[in-house]
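What follows is the content of run.pdb (PDB, C-alpha atoms).
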MODEL        1
ATOM      1  CA  MET A   1      -3.165  19.980  24.501
ATOM      2  CA  GLY A   2      -5.173  17.870  26.895
ATOM      3  CA  SER A   3      -4.663  14.133  27.101
ATOM      4  CA  GLU A   4      -8.343  13.715  26.205
ATOM      5  CA  ASN A   5      -7.322  14.652  22.676
ATOM      6  CA  SER A   6      -4.723  11.965  22.229
ATOM      7  CA  PHE A   7      -4.888   8.207  21.820
ATOM      8  CA  ASP A   8      -2.056   5.708  21.944
ATOM      9  CA  LEU A   9      -1.700   2.099  21.026
ATOM     10  CA  GLN A  10       1.093  -0.414  20.630
ATOM     11  CA  ILE A  11       1.394  -3.435  18.400
ATOM     12  CA  PRO A  12       3.966  -6.215  18.206
ATOM     13  CA  SER A  13       6.255  -6.309  15.179
ATOM     14  CA  VAL A  14       4.246  -8.926  13.339
ATOM     15  CA  LEU A  15       2.924  -8.222   9.853
ATOM     16  CA  GLY A  16      -0.839  -8.151   9.858
ATOM     17  CA  PHE A  17      -1.146  -6.192  13.106
ATOM     18  CA  GLU A  18      -0.798  -2.966  11.131
ATOM     19  CA  LYS A  19      -4.430  -3.559  10.168
ATOM     20  CA  VAL A  20      -5.455  -3.049  13.801
ATOM     21  CA  VAL A  21      -3.923   0.424  13.628
ATOM     22  CA  VAL A  22      -5.557   1.052  10.246
ATOM     23  CA  ASP A  23      -9.007   0.265  11.686
ATOM     24  CA  PHE A  24      -8.259   2.519  14.653
ATOM     25  CA  ALA A  25      -7.127   5.314  12.303
ATOM     26  CA  ALA A  26     -10.384   5.026  10.358
ATOM     27  CA  SER A  27     -12.350   5.400  13.592
ATOM     28  CA  VAL A  28     -10.363   8.469  14.636
ATOM     29  CA  GLY A  29     -10.839   9.915  11.146
ATOM     30  CA  LYS A  30     -14.598   9.569  11.537
ATOM     31  CA  VAL A  31     -14.521  11.210  14.961
ATOM     32  CA  VAL A  32     -12.799  14.282  13.507
ATOM     33  CA  HIS A  33     -15.148  14.269  10.495
ATOM     34  CA  LEU A  34     -12.549  13.684   7.824
ATOM     35  CA  PRO A  35     -14.126  13.169   4.400
ATOM     36  CA  ALA A  36     -14.269   9.517   3.308
ATOM     37  CA  GLU A  37     -11.516  10.076   0.741
ATOM     38  CA  ARG A  38      -9.128  11.485   3.358
ATOM     39  CA  ILE A  39      -9.894   8.592   5.707
ATOM     40  CA  GLU A  40      -8.766   6.214   2.944
ATOM     41  CA  ASP A  41      -5.590   8.290   2.491
ATOM     42  CA  LEU A  42      -4.959   8.165   6.239
ATOM     43  CA  LYS A  43      -5.505   4.388   6.338
ATOM     44  CA  THR A  44      -2.951   3.816   3.579
ATOM     45  CA  ALA A  45      -0.370   6.176   5.089
ATOM     46  CA  VAL A  46      -0.736   4.615   8.540
ATOM     47  CA  ALA A  47      -0.499   1.101   7.101
ATOM     48  CA  GLU A  48       2.698   1.999   5.253
ATOM     49  CA  ALA A  49       4.284   3.670   8.283
ATOM     50  CA  CYS A  50       3.461   0.696  10.512
ATOM     51  CA  THR A  51       4.680  -1.830   7.934
ATOM     52  CA  ASN A  52       7.975   0.057   7.587
ATOM     53  CA  ALA A  53       8.316   0.153  11.379
ATOM     54  CA  ILE A  54       7.693  -3.607  11.649
ATOM     55  CA  GLU A  55       9.859  -4.661   8.718
ATOM     56  CA  HIS A  56      12.705  -2.164   8.632
ATOM     57  CA  GLY A  57      12.703  -0.442  12.031
ATOM     58  CA  ASN A  58      12.110  -3.420  14.284
ATOM     59  CA  LYS A  59      13.414  -6.029  11.805
ATOM     60  CA  MET A  60      10.331  -8.216  12.404
ATOM     61  CA  LYS A  61      11.333  -8.970  16.007
ATOM     62  CA  PRO A  62       7.908  -9.793  17.497
ATOM     63  CA  HIS A  63       8.775  -8.491  20.978
ATOM     64  CA  ALA A  64       9.819  -5.075  19.604
ATOM     65  CA  ARG A  65       6.922  -2.649  19.839
ATOM     66  CA  VAL A  66       5.524  -0.223  17.333
ATOM     67  CA  SER A  67       3.942   2.699  19.178
ATOM     68  CA  VAL A  68       1.325   4.794  17.464
ATOM     69  CA  SER A  69      -0.160   8.000  18.811
ATOM     70  CA  PHE A  70      -3.020  10.028  17.406
ATOM     71  CA  THR A  71      -3.302  13.647  18.520
ATOM     72  CA  ILE A  72      -6.277  15.798  17.606
ATOM     73  CA  GLU A  73      -5.626  19.519  17.480
ATOM     74  CA  GLU A  74      -7.858  22.361  16.403
ATOM     75  CA  SER A  75      -6.917  22.249  12.760
ATOM     76  CA  LYS A  76      -5.093  18.970  12.328
ATOM     77  CA  LEU A  77      -4.819  15.320  13.192
ATOM     78  CA  GLN A  78      -1.262  14.180  13.884
ATOM     79  CA  VAL A  79      -0.224  10.538  13.805
ATOM     80  CA  ALA A  80       3.196   9.452  15.056
ATOM     81  CA  VAL A  81       4.491   5.947  14.367
ATOM     82  CA  GLN A  82       7.569   4.996  16.372
ATOM     83  CA  ASP A  83       9.746   1.907  16.243
ATOM     84  CA  GLU A  84      12.769   0.778  18.242
ATOM     85  CA  GLY A  85      15.221   0.729  15.370
ATOM     86  CA  MET A  86      17.413   2.835  13.195
ATOM     87  CA  GLY A  87      14.757   3.940  10.788
ATOM     88  CA  ILE A  88      15.033   3.999   7.047
ATOM     89  CA  GLY A  89      15.072   7.746   6.643
ATOM     90  CA  GLN A  90      13.345   9.267   3.684
ATOM     91  CA  ALA A  91      14.700   6.760   1.113
ATOM     92  CA  THR A  92      15.362   7.549  -2.512
ATOM     93  CA  PRO A  93      12.111   7.868  -4.449
ATOM     94  CA  PRO A  94      11.543   4.749  -6.527
ATOM     95  CA  SER A  95      11.693   4.990 -10.298
ATOM     96  CA  LEU A  96       8.936   3.230 -12.179
ATOM     97  CA  GLU A  97      10.651   4.071 -15.453
ATOM     98  CA  GLN A  98      13.846   2.267 -14.417
ATOM     99  CA  THR A  99      11.866  -0.835 -13.490
ATOM    100  CA  MET A 100      10.008  -0.777 -16.776
ATOM    101  CA  ALA A 101      13.234  -0.172 -18.668
ATOM    102  CA  GLY A 102      14.692  -3.428 -17.475
ATOM    103  CA  LYS A 103      15.887  -3.062 -13.900
ATOM    104  CA  LYS A 104      13.928  -6.095 -12.803
ATOM    105  CA  GLU A 105      14.527  -6.391  -9.082
ATOM    106  CA  ARG A 106      11.391  -5.653  -7.109
ATOM    107  CA  PRO A 107      11.181  -1.884  -6.629
ATOM    108  CA  ARG A 108      11.328  -0.584  -3.047
ATOM    109  CA  GLY A 109      10.510   2.698  -1.384
ATOM    110  CA  TRP A 110       6.900   3.036  -2.477
ATOM    111  CA  GLY A 111       5.673   3.119   1.136
ATOM    112  CA  ILE A 112       7.414   6.390   1.942
ATOM    113  CA  PHE A 113       6.466   7.743  -1.479
ATOM    114  CA  LEU A 114       2.801   7.097  -0.675
ATOM    115  CA  ILE A 115       3.025   8.563   2.830
ATOM    116  CA  LYS A 116       4.554  11.774   1.455
ATOM    117  CA  ASN A 117       1.992  12.060  -1.302
ATOM    118  CA  LEU A 118      -1.086  11.264   0.773
ATOM    119  CA  MET A 119      -0.427  13.298   3.910
ATOM    120  CA  ASP A 120      -0.370  17.089   4.272
ATOM    121  CA  GLU A 121       2.868  17.100   6.282
ATOM    122  CA  VAL A 122       5.423  14.381   6.997
ATOM    123  CA  GLU A 123       8.469  14.474   9.247
ATOM    124  CA  PHE A 124      11.050  11.788   9.990
ATOM    125  CA  GLU A 125      13.168  11.792  13.127
ATOM    126  CA  THR A 126      15.729   9.221  14.198
ATOM    127  CA  ARG A 127      17.676   8.776  17.409
ATOM    128  CA  PRO A 128      20.139   6.145  16.132
ATOM    129  CA  GLY A 129      19.980   2.909  18.060
ATOM    130  CA  ARG A 130      17.058   4.085  20.178
ATOM    131  CA  TRP A 131      14.049   4.969  18.087
ATOM    132  CA  ASN A 132      12.750   6.195  14.808
ATOM    133  CA  VAL A 133       9.543   8.115  14.382
ATOM    134  CA  VAL A 134       7.427   9.207  11.433
ATOM    135  CA  ARG A 135       5.036  12.077  12.143
ATOM    136  CA  MET A 136       2.191  12.608   9.708
ATOM    137  CA  VAL A 137      -0.355  15.397   9.655
ATOM    138  CA  VAL A 138      -3.765  15.541   8.067
ATOM    139  CA  ARG A 139      -5.301  19.000   8.079
ATOM    140  CA  LEU A 140      -8.895  19.129   9.238
ATOM    141  CA  GLN A 141     -11.528  20.938   7.239
ATOM    142  CA  GLU A 142     -12.645  24.270   8.680
TER     143      GLU A 142
ATOM    144  CA  MET B   1      -1.797 -12.960  12.534
ATOM    145  CA  SER B   2      -2.110 -14.044   8.936
ATOM    146  CA  ASN B   3      -2.171 -12.344   5.586
ATOM    147  CA  ASP B   4      -4.716 -14.086   3.408
ATOM    148  CA  ILE B   5      -5.154 -14.093  -0.309
ATOM    149  CA  GLU B   6      -7.251 -16.088  -2.720
ATOM    150  CA  VAL B   7      -6.168 -16.136  -6.361
ATOM    151  CA  THR B   8      -8.093 -17.999  -9.049
ATOM    152  CA  ILE B   9      -7.699 -18.196 -12.808
ATOM    153  CA  HIS B  10     -10.238 -18.706 -15.552
ATOM    154  CA  ASN B  11     -10.531 -17.787 -19.216
ATOM    155  CA  LYS B  12     -13.047 -15.856 -21.241
ATOM    156  CA  GLY B  13     -12.240 -16.336 -24.892
ATOM    157  CA  ASP B  14      -8.566 -15.581 -25.291
ATOM    158  CA  VAL B  15      -8.369 -13.487 -22.121
ATOM    159  CA  ALA B  16      -6.846 -15.021 -19.000
ATOM    160  CA  ILE B  17      -8.643 -13.639 -15.963
ATOM    161  CA  ILE B  18      -6.869 -13.628 -12.620
ATOM    162  CA  ASN B  19      -9.225 -12.972  -9.712
ATOM    163  CA  ILE B  20      -7.565 -11.603  -6.596
ATOM    164  CA  LYS B  21      -9.282 -11.454  -3.233
ATOM    165  CA  GLY B  22      -7.738 -10.525   0.110
ATOM    166  CA  ASP B  23      -4.365  -9.040   1.002
ATOM    167  CA  VAL B  24      -2.084  -7.908  -1.802
ATOM    168  CA  THR B  25       1.228  -7.526   0.025
ATOM    169  CA  ALA B  26       4.840  -8.658  -0.195
ATOM    170  CA  VAL B  27       3.848 -11.595   2.018
ATOM    171  CA  THR B  28       1.241 -12.841  -0.471
ATOM    172  CA  ALA B  29       3.317 -12.028  -3.551
ATOM    173  CA  GLU B  30       3.953 -15.641  -4.437
ATOM    174  CA  ALA B  31       0.288 -16.448  -5.116
ATOM    175  CA  ILE B  32      -0.080 -13.598  -7.611
ATOM    176  CA  GLU B  33       3.270 -14.249  -9.253
ATOM    177  CA  GLU B  34       2.435 -17.958  -9.604
ATOM    178  CA  ALA B  35      -0.885 -17.118 -11.260
ATOM    179  CA  TYR B  36       0.846 -14.759 -13.659
ATOM    180  CA  GLN B  37       3.517 -17.352 -14.499
ATOM    181  CA  GLU B  38       0.830 -20.000 -14.999
ATOM    182  CA  VAL B  39      -1.112 -17.970 -17.572
ATOM    183  CA  SER B  40       2.142 -16.921 -19.240
ATOM    184  CA  LEU B  41       3.257 -20.534 -19.515
ATOM    185  CA  VAL B  42       0.194 -21.436 -21.599
ATOM    186  CA  GLY B  43       0.844 -18.467 -23.877
ATOM    187  CA  SER B  44      -1.776 -15.969 -22.718
ATOM    188  CA  THR B  45      -1.095 -12.542 -24.157
ATOM    189  CA  LYS B  46      -4.203 -10.825 -22.784
ATOM    190  CA  ILE B  47      -4.465 -10.814 -19.014
ATOM    191  CA  LEU B  48      -7.121  -9.211 -16.852
ATOM    192  CA  LEU B  49      -6.468  -8.718 -13.141
ATOM    193  CA  VAL B  50      -9.763  -8.533 -11.250
ATOM    194  CA  PHE B  51      -9.459  -7.196  -7.714
ATOM    195  CA  ALA B  52     -12.237  -7.792  -5.200
ATOM    196  CA  LYS B  53     -13.565  -4.526  -3.803
ATOM    197  CA  GLU B  54     -12.410  -5.331  -0.276
ATOM    198  CA  CYS B  55      -8.801  -6.000  -1.297
ATOM    199  CA  TYR B  56      -6.142  -4.578   0.977
ATOM    200  CA  ILE B  57      -3.230  -3.426  -1.182
ATOM    201  CA  ASN B  58      -0.045  -2.026   0.305
ATOM    202  CA  SER B  59       3.218  -0.798  -1.196
ATOM    203  CA  GLY B  60       4.641  -4.323  -1.137
ATOM    204  CA  GLY B  61       1.693  -5.435  -3.250
ATOM    205  CA  ILE B  62       2.121  -2.502  -5.589
ATOM    206  CA  ALA B  63       5.774  -3.450  -6.070
ATOM    207  CA  ILE B  64       4.678  -6.947  -7.121
ATOM    208  CA  LEU B  65       2.201  -5.554  -9.620
ATOM    209  CA  ILE B  66       4.858  -3.249 -11.044
ATOM    210  CA  SER B  67       7.173  -6.238 -11.494
ATOM    211  CA  ILE B  68       4.433  -8.214 -13.253
ATOM    212  CA  VAL B  69       3.504  -5.329 -15.553
ATOM    213  CA  SER B  70       7.196  -4.839 -16.334
ATOM    214  CA  GLU B  71       7.628  -8.537 -17.149
ATOM    215  CA  SER B  72       4.470  -8.502 -19.287
ATOM    216  CA  GLN B  73       6.022  -5.827 -21.473
ATOM    217  CA  ASP B  74       9.002  -8.090 -22.155
ATOM    218  CA  ASN B  75       6.610 -10.964 -22.904
ATOM    219  CA  LYS B  76       4.527  -8.847 -25.302
ATOM    220  CA  GLN B  77       1.457  -9.291 -23.112
ATOM    221  CA  VAL B  78      -1.232  -6.738 -22.356
ATOM    222  CA  ILE B  79      -2.523  -6.429 -18.799
ATOM    223  CA  ARG B  80      -5.762  -4.732 -17.878
ATOM    224  CA  ILE B  81      -7.079  -4.129 -14.383
ATOM    225  CA  THR B  82     -10.545  -3.846 -12.898
ATOM    226  CA  GLY B  83     -12.312  -3.998  -9.528
ATOM    227  CA  LEU B  84     -10.209  -1.342  -7.809
ATOM    228  CA  SER B  85     -11.850   1.045  -5.386
ATOM    229  CA  GLU B  86     -11.652   4.750  -6.189
ATOM    230  CA  HIS B  87      -8.900   5.086  -3.589
ATOM    231  CA  PHE B  88      -6.673   2.395  -5.064
ATOM    232  CA  HIS B  89      -7.319   3.698  -8.564
ATOM    233  CA  LYS B  90      -5.882   6.994  -7.283
ATOM    234  CA  ILE B  91      -2.911   5.169  -5.718
ATOM    235  CA  PHE B  92      -2.161   3.334  -8.973
ATOM    236  CA  ASP B  93      -2.295   6.683 -10.761
ATOM    237  CA  MET B  94       0.017   8.194  -8.155
ATOM    238  CA  VAL B  95       2.728   5.559  -8.577
ATOM    239  CA  GLY B  96       2.435   5.763 -12.369
ATOM    240  CA  LEU B  97       1.105   2.268 -13.052
ATOM    241  CA  THR B  98      -1.709   3.659 -15.181
ATOM    242  CA  ARG B  99       0.875   4.811 -17.703
ATOM    243  CA  TYR B 100       1.579   1.150 -18.436
ATOM    244  CA  THR B 101      -1.736  -0.600 -17.838
ATOM    245  CA  ALA B 102      -5.354   0.487 -18.214
ATOM    246  CA  ILE B 103      -7.867   0.386 -15.362
ATOM    247  CA  PHE B 104     -11.524  -0.260 -16.153
ATOM    248  CA  PRO B 105     -14.642   0.323 -14.057
ATOM    249  CA  SER B 106     -16.026  -3.194 -14.625
ATOM    250  CA  GLU B 107     -15.031  -6.598 -15.913
ATOM    251  CA  ALA B 108     -17.368  -6.184 -18.896
ATOM    252  CA  ALA B 109     -15.762  -2.857 -19.792
ATOM    253  CA  ALA B 110     -12.290  -4.365 -19.461
ATOM    254  CA  LEU B 111     -13.171  -7.290 -21.723
ATOM    255  CA  ALA B 112     -14.818  -5.120 -24.360
ATOM    256  CA  GLY B 113     -12.472  -4.791 -27.298
ATOM    257  CA  PHE B 114      -9.664  -6.615 -25.509
TER     258      PHE B 114
ENDMDL
END
Could you spell out this file's structure in structure tokens?
Amino acid sequence: MGSENSFDLQIPSVLGFEKVVVDFAASVGKVVHLPAERIEDLKTAVAEACTNAIEHGNKMKPHARVSVSFTIEESKLQVAVQDEGMGIGQATPPSLEQTMAGKKERPRGWGIFLIKNLMDEVEFETRPGRWNVVRMVVRLQE
Amino acid sequence: MSNDIEVTIHNKGDVAIINIKGDVTAVTAEAIEEAYQEVSLVGSTKILLVFAKECYINSGGIAILISIVSESQDNKQVIRITGLSEHFHKIFDMVGLTRYTAIFPSEAAALAGF
């Protein structure tokens, strides 16, 4: 894989900056000719991964960086979102039914649920105390 | 960097319409929750959430909407939704919200027979 096929950017851990990555993801999606619907899926997944990294991984410490890399391969686009924290793993899937049935605290875990449901492949890796990374793959049309 | 939201309320007949424009996230939750509490306080039982097409909705925002829909069931209110892009309609389907609230293609369609 040549470096000409990968792009990297970093954002501070401040909510709102995930939108910079979302715009970048949309541009990369266009470059690799993803259909409009898949670009929207990618934007949501990237936004959720970055928001998790800012909020849970880096605990909103502005100086802590969220690193995002986009790698274009022959049949797929891979996006890796890395923070400097412990990660939140794969989290228990949220239960809408429980919330509706009376468990009134605000439900959590929908971000990872969306990432898993919108992307073709998702992998979580944590090096405790050093970094946490979410790798997402969107398959490219042949 | 800010997260902006604009929430306004008006009525059409006995339907309370909450217009939402901007970022629907955990950060902006208060504005939506306040609007919902305001229409609930005056006894509205029919509530229409109108999202602007360019709304940015993330999982934090979805969690807020789930909480509001859940509370509306306890309050014997009916919530309808319109203005969502095709993508966010799919997302709402995915999380199961459409099992508890109906999504309409336009405000007129949402108000019809409400």
Using all atoms listed in the file and a distance of at most 9 Å, pull out the residues of chain B that contact chain A, as a short mmCIF file (atom, residue, chain, number, x, y, z; two decimals) with C-alpha atoms, in the frame of the given file.
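Dumped to iface_12.cif:
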data_model
loop_
_atom_site.label_atom_id
_atom_site.label_comp_id
_atom_site.auth_asym_id
_atom_site.auth_seq_id
_atom_site.Cartn_x
_atom_site.Cartn_y
_atom_site.Cartn_z
CA MET B 1 -1.80 -12.96 12.53
CA SER B 2 -2.11 -14.04 8.94
CA ASN B 3 -2.17 -12.34 5.59
CA VAL B 27 3.85 -11.60 2.02
CA ILE B 57 -3.23 -3.43 -1.18
CA ASN B 58 -0.04 -2.03 0.30
CA SER B 59 3.22 -0.80 -1.20
CA GLY B 60 4.64 -4.32 -1.14
CA ILE B 62 2.12 -2.50 -5.59
CA ALA B 63 5.77 -3.45 -6.07
CA ILE B 64 4.68 -6.95 -7.12
CA ILE B 66 4.86 -3.25 -11.04
CA SER B 67 7.17 -6.24 -11.49
CA VAL B 69 3.50 -5.33 -15.55
CA SER B 70 7.20 -4.84 -16.33
CA GLU B 71 7.63 -8.54 -17.15
CA GLN B 73 6.02 -5.83 -21.47
CA ASP B 74 9.00 -8.09 -22.16
CA GLU B 86 -11.65 4.75 -6.19
CA HIS B 87 -8.90 5.09 -3.59
CA ILE B 91 -2.91 5.17 -5.72
CA MET B 94 0.02 8.19 -8.15
CA VAL B 95 2.73 5.56 -8.58
CA GLY B 96 2.44 5.76 -12.37
CA LEU B 97 1.10 2.27 -13.05
CA TYR B 100 1.58 1.15 -18.44
#
Problem - Evaluate the PyMOL selection byres ((chain A and resi 59) around 10) and report residues as a list in words - result: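 Listing what the PyMOL selection byres ((chain A and resi 59) around 10) selects in the shown file: Ser13, Val14, Asn52, Ala53, Ile54, Glu55, His56, Gly57, Asn58, Met60, Lys61, Pro62, Ala64, Asp83, Glu84, Gly85 and Met86 of chain A.
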Export of prior selection with C-alpha atoms as an mmCIF file, in the frame of the given file:
data_model
loop_
_atom_site.group_PDB
_atom_site.id
_atom_site.type_symbol
_atom_site.label_atom_id
_atom_site.label_comp_id
_atom_site.auth_asym_id
_atom_site.auth_seq_id
_atom_site.Cartn_x
_atom_site.Cartn_y
_atom_site.Cartn_z
ATOM 1 C CA SER A 13 6.255 -6.309 15.179
ATOM 2 C CA VAL A 14 4.246 -8.926 13.339
ATOM 3 C CA ASN A 52 7.975 0.057 7.587
ATOM 4 C CA ALA A 53 8.316 0.153 11.379
ATOM 5 C CA ILE A 54 7.693 -3.607 11.649
ATOM 6 C CA GLU A 55 9.859 -4.661 8.718
ATOM 7 C CA HIS A 56 12.705 -2.164 8.632
ATOM 8 C CA GLY A 57 12.703 -0.442 12.031
ATOM 9 C CA ASN A 58 12.110 -3.420 14.284
ATOM 10 C CA MET A 60 10.331 -8.216 12.404
ATOM 11 C CA LYS A 61 11.333 -8.970 16.007
ATOM 12 C CA PRO A 62 7.908 -9.793 17.497
ATOM 13 C CA ALA A 64 9.819 -5.075 19.604
ATOM 14 C CA ASP A 83 9.746 1.907 16.243
ATOM 15 C CA GLU A 84 12.769 0.778 18.242
ATOM 16 C CA GLY A 85 15.221 0.729 15.370
ATOM 17 C CA MET A 86 17.413 2.835 13.195
#
Exercise for the section: Tell me, as a list of chain:residue names, which residues lie within 12 Å of B:Ser72, counting all atoms listed in the file; anything in the same chain fewer than 4 positions away does not count. Expected result: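 My reading of the contact set: A:Met100, A:Gly102, A:Lys104, B:Glu33, B:Tyr36, B:Gln37, B:Val39, B:Ser40, B:Gly43, B:Ser44, B:Thr45, B:Lys46, B:Ile47, B:Leu48, B:Leu65, B:Ile66, B:Ser67, B:Ile68, B:Lys76, B:Gln77, B:Val78, B:Ile79, B:Arg80, B:Tyr100, B:Thr101.
For the atom pair formed by atom CA of A:Ile11 and atom CA of A:Lys116, the distance is 23.0 Å, given to one decimal.
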Problem - Distance of atom CA of B:Ser85 from atom CA of B:Lys53, expressed in Å to one decimal place - result: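 Answer for the atom CA of B:Lys53 to atom CA of B:Ser85 separation: 6.0 Å.
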Exercise for the section: Skip B:Ile9 itself and residues of its chain fewer than 4 positions away, then list as a PyMOL selection string all residues within 8 Å of it, counting only C-alpha atoms. Expected result: chain B and resi 16-19+35
So that I have them on file, write out the residues from the current selection with C-alpha atoms, as an mmCIF file, in the coordinates of the input.
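What follows is the written file out.cif:
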data_model
loop_
_atom_site.group_PDB
_atom_site.id
_atom_site.type_symbol
_atom_site.label_atom_id
_atom_site.label_comp_id
_atom_site.auth_asym_id
_atom_site.auth_seq_id
_atom_site.Cartn_x
_atom_site.Cartn_y
_atom_site.Cartn_z
ATOM 1 C CA ALA B 16 -6.846 -15.021 -19.000
ATOM 2 C CA ILE B 17 -8.643 -13.639 -15.963
ATOM 3 C CA ILE B 18 -6.869 -13.628 -12.620
ATOM 4 C CA ASN B 19 -9.225 -12.972 -9.712
ATOM 5 C CA ALA B 35 -0.885 -17.118 -11.260
#
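If you apply the PyMOL selection byres ((chain A and resi 140) around 12) to this structure, you end up with Gly29, Lys30, Val31, Val32, His33, Leu34, Pro35, Arg38, Ile39, Ile72, Glu73, Glu74, Ser75, Lys76, Leu77, Gln78, Met119, Asp120, Val137, Val138, Arg139, Gln141 and Glu142 of chain A.
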Practice task
For A:Phe7, list every protein, DNA or RNA residue within 8 Å, evaluated using only C-alpha atoms, and leave out those in the same chain fewer than 2 positions away; present the list as an MDAnalysis selection string.
Solution key: chainID A and resid 3:5 9 69:71
Exercise for the section: Counting only C-alpha atoms, figure out which residue out of B:Ala102, B:Ala109, B:Val42, B:Ile81 gets nearest to B:Asp14. Expected result: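 Using only C-alpha atoms, the shortest distance to B:Asp14 belongs to B:Val42.
Ranking B:Asn75, B:Tyr56, B:Thr98, B:His10 by their shortest atom-to-atom distance to B:Leu41, with all atoms listed in the file included, puts B:Asn75 first.
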Problem - One-decimal distance in Å that lies between atom CA of B:Ile5 and atom CA of B:Phe92 - result: 19.7 Å
Problem - Evaluate the PyMOL selection byres ((chain B and resi 112) around 12) and report residues as a list of chain:residue names - result: B:Lys12, B:Gly13, B:Val15, B:Leu48, B:Arg80, B:Phe104, B:Pro105, B:Ser106, B:Glu107, B:Ala108, B:Ala109, B:Ala110, B:Leu111, B:Gly113, B:Phe114
Problem - Proximity to A:Ser6 - best of A:Val46, A:Val66, A:Val28, A:Val20, only C-alpha atoms - result: A:Val28
